[in-house]
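K.L.:
Provided herewith: data_28.cif, mmCIF, C-alpha atoms.
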data_upload
#
loop_
_atom_site.label_atom_id
_atom_site.label_comp_id
_atom_site.auth_asym_id
_atom_site.auth_seq_id
_atom_site.Cartn_x
_atom_site.Cartn_y
_atom_site.Cartn_z
CA MET A 7 -16.32 -24.21 23.28
CA ASP A 8 -17.22 -20.89 24.93
CA PHE A 9 -13.81 -19.39 24.18
CA TYR A 10 -14.39 -19.50 20.42
CA LYS A 11 -17.84 -20.19 18.99
CA PHE A 12 -17.46 -21.42 15.43
CA ASP A 13 -21.18 -21.10 14.77
CA LEU A 14 -20.94 -17.31 15.15
CA VAL A 15 -18.02 -17.17 12.72
CA GLU A 16 -19.94 -19.39 10.30
CA LYS A 17 -22.87 -16.99 10.44
CA TYR A 18 -20.61 -14.03 9.58
CA LEU A 19 -18.49 -15.96 7.05
CA PRO A 20 -20.20 -14.43 3.96
CA PHE A 21 -19.46 -10.96 5.33
CA PHE A 22 -15.84 -11.87 6.05
CA ILE A 23 -15.45 -13.21 2.51
CA LYS A 24 -16.97 -10.01 1.13
CA GLY A 25 -14.70 -7.91 3.34
CA THR A 26 -11.65 -9.90 2.27
CA TRP A 27 -12.34 -9.20 -1.40
CA VAL A 28 -12.78 -5.50 -0.67
CA THR A 29 -9.49 -5.53 1.27
CA ILE A 30 -7.76 -7.19 -1.69
CA GLU A 31 -9.26 -4.65 -4.09
CA ILE A 32 -8.14 -1.74 -1.92
CA SER A 33 -4.65 -3.20 -1.53
CA ILE A 34 -4.11 -3.95 -5.22
CA ALA A 35 -5.41 -0.57 -6.35
CA SER A 36 -3.31 1.25 -3.73
CA ILE A 37 -0.20 -0.73 -4.66
CA ILE A 38 -0.62 0.10 -8.36
CA PHE A 39 -1.40 3.79 -7.90
CA GLY A 40 1.13 4.18 -5.09
CA THR A 41 3.90 2.60 -7.16
CA LEU A 42 3.23 4.72 -10.23
CA LEU A 43 2.98 7.91 -8.20
CA GLY A 44 6.00 6.92 -6.12
CA LEU A 45 8.16 6.53 -9.23
CA PHE A 46 7.06 9.96 -10.47
CA ILE A 47 7.81 11.54 -7.08
CA ALA A 48 11.21 9.83 -6.88
CA LEU A 49 12.21 11.18 -10.28
CA GLY A 50 10.97 14.63 -9.28
CA LYS A 51 12.94 14.59 -6.05
CA MET A 52 16.11 13.66 -7.94
CA SER A 53 15.75 16.64 -10.26
CA SER A 54 18.75 18.94 -10.34
CA VAL A 55 16.44 21.96 -10.35
CA GLN A 56 15.65 23.14 -6.81
CA VAL A 57 12.26 24.63 -7.74
CA ILE A 58 11.13 21.30 -9.19
CA ARG A 59 12.65 19.18 -6.43
CA GLN A 60 11.29 21.06 -3.41
CA PRO A 61 7.55 20.26 -3.77
CA PHE A 62 8.32 16.55 -3.95
CA ILE A 63 10.42 16.81 -0.80
CA TRP A 64 7.52 18.52 0.99
CA TYR A 65 5.14 15.84 -0.22
CA ILE A 66 7.32 13.03 1.15
CA ASN A 67 7.87 14.83 4.45
CA PHE A 68 4.15 15.43 4.94
CA PHE A 69 2.93 11.92 4.21
CA ARG A 70 5.76 10.24 6.09
CA GLY A 71 5.57 12.64 9.01
CA THR A 72 1.84 12.53 9.75
CA PRO A 73 -0.33 9.58 10.86
CA LEU A 74 -2.13 7.66 8.13
CA LEU A 75 -5.33 7.85 10.17
CA VAL A 76 -5.21 11.65 10.10
CA GLN A 77 -4.56 11.60 6.35
CA LEU A 78 -7.53 9.27 5.89
CA PHE A 79 -9.82 11.64 7.78
CA LEU A 80 -8.55 14.68 5.89
CA ILE A 81 -9.04 13.05 2.51
CA HIS A 82 -12.47 11.56 3.27
CA PHE A 83 -14.04 14.46 5.15
CA ALA A 84 -12.24 17.48 3.66
CA VAL A 85 -10.82 16.68 0.22
CA MET A 86 -13.24 14.18 -1.30
CA PRO A 87 -16.37 16.33 -0.68
CA LEU A 88 -14.83 18.81 -3.12
CA PHE A 89 -15.13 16.22 -5.89
CA MET A 90 -18.09 14.02 -4.89
CA LYS A 91 -21.04 14.41 -2.54
CA PRO A 92 -21.38 12.31 -0.55
CA PRO A 93 -17.79 11.01 -0.61
CA ILE A 94 -17.42 7.30 -1.36
CA ALA A 95 -15.53 5.55 1.44
CA LEU A 96 -13.86 3.04 -0.89
CA VAL A 97 -12.50 5.80 -3.12
CA SER A 98 -11.28 7.77 -0.11
CA ALA A 99 -9.52 4.70 1.30
CA ILE A 100 -7.74 3.91 -1.97
CA THR A 101 -6.75 7.57 -2.40
CA ALA A 102 -5.37 7.92 1.12
CA LEU A 103 -3.46 4.63 1.03
CA SER A 104 -2.06 5.37 -2.44
CA LEU A 105 -0.86 8.85 -1.49
CA ASN A 106 0.67 7.57 1.74
CA ALA A 107 2.36 4.58 0.14
CA ALA A 108 3.71 6.75 -2.69
CA ALA A 109 5.80 8.76 -0.22
CA TYR A 110 7.52 5.62 1.07
CA ILE A 111 7.79 3.98 -2.34
CA ALA A 112 9.36 7.16 -3.73
CA GLU A 113 12.22 6.85 -1.26
CA ILE A 114 12.62 3.18 -2.17
CA PHE A 115 12.83 4.08 -5.86
CA ARG A 116 15.24 6.91 -5.16
CA ALA A 117 17.56 4.71 -3.11
CA GLY A 118 17.38 1.93 -5.70
CA ILE A 119 18.12 4.22 -8.63
CA GLN A 120 20.98 5.95 -6.86
CA SER A 121 22.49 2.57 -5.92
CA ILE A 122 23.32 1.90 -9.58
CA ASP A 123 26.87 2.88 -10.46
CA LYS A 124 27.04 6.30 -12.14
CA GLY A 125 29.45 4.87 -14.68
CA GLN A 126 26.57 3.06 -16.36
CA THR A 127 24.74 6.34 -16.86
CA GLU A 128 27.85 7.94 -18.29
CA ALA A 129 28.38 4.97 -20.61
CA ALA A 130 24.79 5.13 -21.84
CA ARG A 131 25.03 8.87 -22.47
CA SER A 132 28.29 8.39 -24.36
CA LEU A 133 26.43 5.99 -26.67
CA GLY A 134 23.98 8.76 -27.50
CA MET A 135 21.10 7.68 -25.26
CA THR A 136 18.93 10.40 -23.78
CA HIS A 137 18.31 10.68 -20.03
CA ARG A 138 14.87 9.12 -20.44
CA GLN A 139 16.24 6.23 -22.49
CA THR A 140 19.01 5.68 -19.97
CA MET A 141 16.55 5.53 -17.08
CA ARG A 142 14.10 3.30 -18.96
CA HIS A 143 16.49 0.80 -20.48
CA ILE A 144 19.54 0.81 -18.19
CA ILE A 145 18.95 2.16 -14.68
CA ILE A 146 15.37 1.25 -13.71
CA PRO A 147 15.53 -2.41 -14.91
CA GLN A 148 18.59 -3.00 -12.71
CA ALA A 149 17.32 -0.95 -9.78
CA SER A 150 13.95 -2.71 -9.78
CA LYS A 151 15.62 -6.01 -8.89
CA ARG A 152 17.24 -4.45 -5.84
CA MET A 153 13.99 -2.81 -4.82
CA ILE A 154 11.95 -6.02 -4.59
CA PRO A 155 12.60 -6.64 -0.82
CA PRO A 156 11.83 -3.09 0.41
CA LEU A 157 8.88 -2.76 -1.97
CA GLY A 158 7.59 -6.09 -0.73
CA ASN A 159 7.76 -4.88 2.86
CA GLU A 160 5.86 -1.72 1.93
CA PHE A 161 3.16 -3.72 0.14
CA ILE A 162 2.71 -5.94 3.21
CA VAL A 163 2.42 -2.87 5.44
CA LEU A 164 -0.13 -1.44 3.01
CA ILE A 165 -2.34 -4.55 3.27
CA LYS A 166 -2.35 -4.26 7.05
CA ASP A 167 -2.88 -0.48 6.96
CA SER A 168 -5.99 -1.01 4.83
CA SER A 169 -7.73 -2.04 8.05
CA LEU A 170 -7.86 1.66 9.00
CA ALA A 171 -10.40 2.15 6.23
CA ALA A 172 -12.99 0.67 8.59
CA VAL A 173 -13.11 3.95 10.52
CA ILE A 174 -14.72 5.69 7.52
CA ALA A 175 -17.17 2.79 7.02
CA THR A 176 -15.38 1.11 4.13
CA GLU A 177 -16.82 -2.40 4.07
CA GLU A 178 -13.49 -4.18 4.14
CA LEU A 179 -12.37 -6.99 6.42
CA MET A 180 -11.93 -5.04 9.65
CA TYR A 181 -15.29 -3.34 9.15
CA TRP A 182 -17.08 -6.67 9.41
CA GLY A 183 -14.96 -7.73 12.37
CA ARG A 184 -16.10 -4.62 14.22
CA ALA A 185 -19.69 -5.22 13.10
CA MET A 186 -19.60 -8.74 14.53
CA MET A 187 -18.07 -7.45 17.74
CA GLY A 188 -20.83 -4.84 18.01
CA GLU A 189 -23.54 -7.44 17.53
CA TYR A 190 -22.32 -10.16 19.88
CA TYR A 191 -19.97 -8.27 22.22
CA ARG A 192 -17.43 -11.09 21.87
CA PRO A 193 -13.89 -10.09 20.85
CA TRP A 194 -12.28 -13.46 20.21
CA GLU A 195 -14.35 -14.70 17.28
CA PRO A 196 -14.32 -11.57 15.09
CA PHE A 197 -10.81 -10.35 15.75
CA LEU A 198 -9.06 -13.71 15.72
CA THR A 199 -10.81 -14.51 12.45
CA VAL A 200 -9.83 -11.15 10.98
CA ALA A 201 -6.24 -11.61 12.19
CA LEU A 202 -6.06 -15.05 10.59
CA ILE A 203 -7.31 -13.77 7.24
CA TYR A 204 -4.81 -10.89 7.27
CA LEU A 205 -2.08 -13.38 8.13
CA ILE A 206 -3.03 -15.55 5.15
CA LEU A 207 -2.99 -12.51 2.85
CA THR A 208 0.39 -11.24 4.03
CA LEU A 209 2.02 -14.69 4.02
CA THR A 210 0.76 -15.30 0.49
CA LEU A 211 2.24 -12.00 -0.67
CA THR A 212 5.48 -12.79 1.19
CA GLN A 213 5.83 -16.10 -0.65
CA LEU A 214 5.19 -14.40 -3.99
CA LEU A 215 7.78 -11.73 -3.27
CA ASN A 216 10.32 -14.33 -2.14
CA PHE A 217 9.79 -16.13 -5.45
CA LEU A 218 10.32 -12.93 -7.41
CA GLU A 219 13.40 -12.08 -5.37
CA ARG A 220 14.96 -15.47 -6.09
CA LYS A 221 14.02 -15.28 -9.75
CA TYR A 222 15.46 -11.82 -10.33
CA ALA A 223 18.34 -11.98 -7.85
CA LEU A 224 21.43 -10.12 -8.93
CA ASP A 225 24.59 -12.10 -9.44
#
Mind turning the file's structure into structure tokens?

P.N.:
Amino acid sequence: MDFYKFDLVEKYLPFFIKGTWVTIEISIASIIFGTLLGLFIALGKMSSVQVIRQPFIWYINFFRGTPLLVQLFLIHFAVMPLFMKPPIALVSAITALSLNAAAYIAEIFRAGIQSIDKGQTEAARSLGMTHRQTMRHIIIPQASKRMIPPLGNEFIVLIKDSSLAAVIATEELMYWGRAMMGEYYRPWEPFLTVALIYLILTLTLTQLLNFLERKYALD
């Protein structure tokens, strides 16, 4: 069938498999780092001290208000050369995606934490718990259950956004789709294959998140 030549896809299949694993590695690393940094930023933004709170607000505004592609270029071509020469594309991709995701995840954490009734904080403090103990044992465990759906959406977006790493020659899934396109000048085989693999990845994550949401659903 001229519309879709399976023999071409079969030839590039090892590269697509390699690219898929790199995409998964980038996504998992970015999710972990982005979540940890996002929690830190959320707590900083909720500080009652203006001097402490303001830098976190600027951080969120910058990374949410500028295109991820621009951030990727800035980090790879301007920031990373300060630490490594030549810059490693994989490291730049993970850094850019983590920093970008952290800005969105921070707002998810903030909204989730502030959704918990203040009376629980007051009750915990009246029992002699410190602010850190209250957040760790009372607030965050409850808020995390409510944050599963929006966090899941952000993680799915992050997987798809990882395709932008191809523009700095990160050998992830989209990189090999573009390489196949450049070799054969046929768009259907590489990009439909890439789209299908991304669909499988996002649907798998969606099913996992749906399971977690049902398991930890609030009464």

K.L.:
Leaving out Ile23 of chain A and any residue of its chain fewer than 3 positions from it, which residues lie within 12 Å of it when counting only C-alpha atoms, given as a list in words?

P.N.:
Val15, Glu16, Lys17, Tyr18, Leu19, Pro20, Thr26, Trp27, Val28, Thr29, Ile30, Glu177, Glu178, Leu179, Met180, Tyr181, Trp182, Gly183, Thr199, Val200, Ile203 and Tyr204 of chain A

K.L.:
With the file shown as input, list the residues that the PyMOL selection byres ((chain A and resi 151-155) around 12) selects, as number ranges by chain.

P.N.:
A: 41, 45, 111-122, 145-150, 156-162, 211-225

K.L.:
If I take atom CA of Asp167 of chain A and atom CA of Gln60 of chain A, how far is one from the other in Å, to one decimal?

P.N.:
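Pair atom CA of Asp167 of chain A / atom CA of Gln60 of chain A returns 27.8 Å.
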
K.L.:
With all atoms listed in the file as the atoms that count, which of A:Pro196, A:Arg70, A:Val57, A:Met186 lies nearest to Ala108 of chain A?

P.N.:
A:Arg70

K.L.:
Can you work out the spacing between atom CA of Phe69 of chain A and atom CA of Ala99 of chain A in Å, to one decimal?

P.N.:
14.7 Å

K.L.:
Name the residues that the PyMOL selection byres ((chain A and resi 107) around 8) pulls out of this structure, and write them as a ChimeraX atom specification.

P.N.:
/A:36-37,40-41,44,103-106,108-111,160,164

K.L.:
For the atom pair atom CA of Thr176 of chain A and atom CA of Ala102 of chain A, what is the interatomic distance in Å to one decimal place?

P.N.:
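Those two atoms sit 12.5 Å apart.
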
K.L.:
If the box runs along x, y and z of the file and leaves 5 Å on each side of segment 179-197 of chain A, what are its centre and edge lengths in Å, one decimal, as lines of an AutoDock Vina configuration file?

P.N.:
center_x = -17.2
center_y = -9.0
center_z = 14.3
size_x = 22.7
size_y = 21.4
size_z = 25.8

K.L.:
Considering only C-alpha atoms, can you say which of A:Phe22, A:Val97, A:Lys51, A:Lys124 comes closest to Ala175 of chain A?

P.N.:
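Closest candidate: A:Val97.
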
K.L.:
Which protein, DNA or RNA residues are at most 8 Å from (7.1, 13.5, -7.0) in the file's coordinates when you count all atoms listed in the file, listed as a list of chain:residue names?

P.N.:
A:Leu43, A:Gly44, A:Leu45, A:Phe46, A:Ile47, A:Ala48, A:Leu49, A:Gly50, A:Lys51, A:Arg59, A:Pro61, A:Phe62, A:Ile63, A:Tyr65, A:Ala112

K.L.:
Restricting the output to C-alpha atoms, write the selected residues as an mmCIF file, in the frame of the given file.

P.N.:
data_model
loop_
_atom_site.group_PDB
_atom_site.id
_atom_site.type_symbol
_atom_site.label_atom_id
_atom_site.label_comp_id
_atom_site.auth_asym_id
_atom_site.auth_seq_id
_atom_site.Cartn_x
_atom_site.Cartn_y
_atom_site.Cartn_z
ATOM 1 C CA LEU A 43 2.980 7.910 -8.200
ATOM 2 C CA GLY A 44 6.000 6.920 -6.120
ATOM 3 C CA LEU A 45 8.160 6.530 -9.230
ATOM 4 C CA PHE A 46 7.060 9.960 -10.470
ATOM 5 C CA ILE A 47 7.810 11.540 -7.080
ATOM 6 C CA ALA A 48 11.210 9.830 -6.880
ATOM 7 C CA LEU A 49 12.210 11.180 -10.280
ATOM 8 C CA GLY A 50 10.970 14.630 -9.280
ATOM 9 C CA LYS A 51 12.940 14.590 -6.050
ATOM 10 C CA ARG A 59 12.650 19.180 -6.430
ATOM 11 C CA PRO A 61 7.550 20.260 -3.770
ATOM 12 C CA PHE A 62 8.320 16.550 -3.950
ATOM 13 C CA ILE A 63 10.420 16.810 -0.800
ATOM 14 C CA TYR A 65 5.140 15.840 -0.220
ATOM 15 C CA ALA A 112 9.360 7.160 -3.730
#

K.L.:
Quick one: apply the PyMOL selection byres ((chain A and resi 78) around 10) to the file and drop the selected residues here as number ranges by chain.

P.N.:
A: 73-77, 79-85, 95, 98-103, 105-106, 170-171, 173-174

K.L.:
Convert the current residue selection to file output with C-alpha atoms, as a PDB file, keeping the file's coordinate frame.

P.N.:
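And here's again.pdb as it stands now:
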ATOM      1  CA  PRO A  73      -0.330   9.580  10.860  1.00  0.00           C
ATOM      2  CA  LEU A  74      -2.130   7.660   8.130  1.00  0.00           C
ATOM      3  CA  LEU A  75      -5.330   7.850  10.170  1.00  0.00           C
ATOM      4  CA  VAL A  76      -5.210  11.650  10.100  1.00  0.00           C
ATOM      5  CA  GLN A  77      -4.560  11.600   6.350  1.00  0.00           C
ATOM      6  CA  PHE A  79      -9.820  11.640   7.780  1.00  0.00           C
ATOM      7  CA  LEU A  80      -8.550  14.680   5.890  1.00  0.00           C
ATOM      8  CA  ILE A  81      -9.040  13.050   2.510  1.00  0.00           C
ATOM      9  CA  HIS A  82     -12.470  11.560   3.270  1.00  0.00           C
ATOM     10  CA  PHE A  83     -14.040  14.460   5.150  1.00  0.00           C
ATOM     11  CA  ALA A  84     -12.240  17.480   3.660  1.00  0.00           C
ATOM     12  CA  VAL A  85     -10.820  16.680   0.220  1.00  0.00           C
ATOM     13  CA  ALA A  95     -15.530   5.550   1.440  1.00  0.00           C
ATOM     14  CA  SER A  98     -11.280   7.770  -0.110  1.00  0.00           C
ATOM     15  CA  ALA A  99      -9.520   4.700   1.300  1.00  0.00           C
ATOM     16  CA  ILE A 100      -7.740   3.910  -1.970  1.00  0.00           C
ATOM     17  CA  THR A 101      -6.750   7.570  -2.400  1.00  0.00           C
ATOM     18  CA  ALA A 102      -5.370   7.920   1.120  1.00  0.00           C
ATOM     19  CA  LEU A 103      -3.460   4.630   1.030  1.00  0.00           C
ATOM     20  CA  LEU A 105      -0.860   8.850  -1.490  1.00  0.00           C
ATOM     21  CA  ASN A 106       0.670   7.570   1.740  1.00  0.00           C
ATOM     22  CA  LEU A 170      -7.860   1.660   9.000  1.00  0.00           C
ATOM     23  CA  ALA A 171     -10.400   2.150   6.230  1.00  0.00           C
ATOM     24  CA  VAL A 173     -13.110   3.950  10.520  1.00  0.00           C
ATOM     25  CA  ILE A 174     -14.720   5.690   7.520  1.00  0.00           C
TER      26      ILE A 174
END

K.L.:
Counting all atoms listed in the file, which of A:His137, A:Thr127, A:Phe68, A:Met86 gets nearest to Ser53 of chain A?

P.N.:
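Answer, going by the shortest atom-to-atom distance: A:His137.
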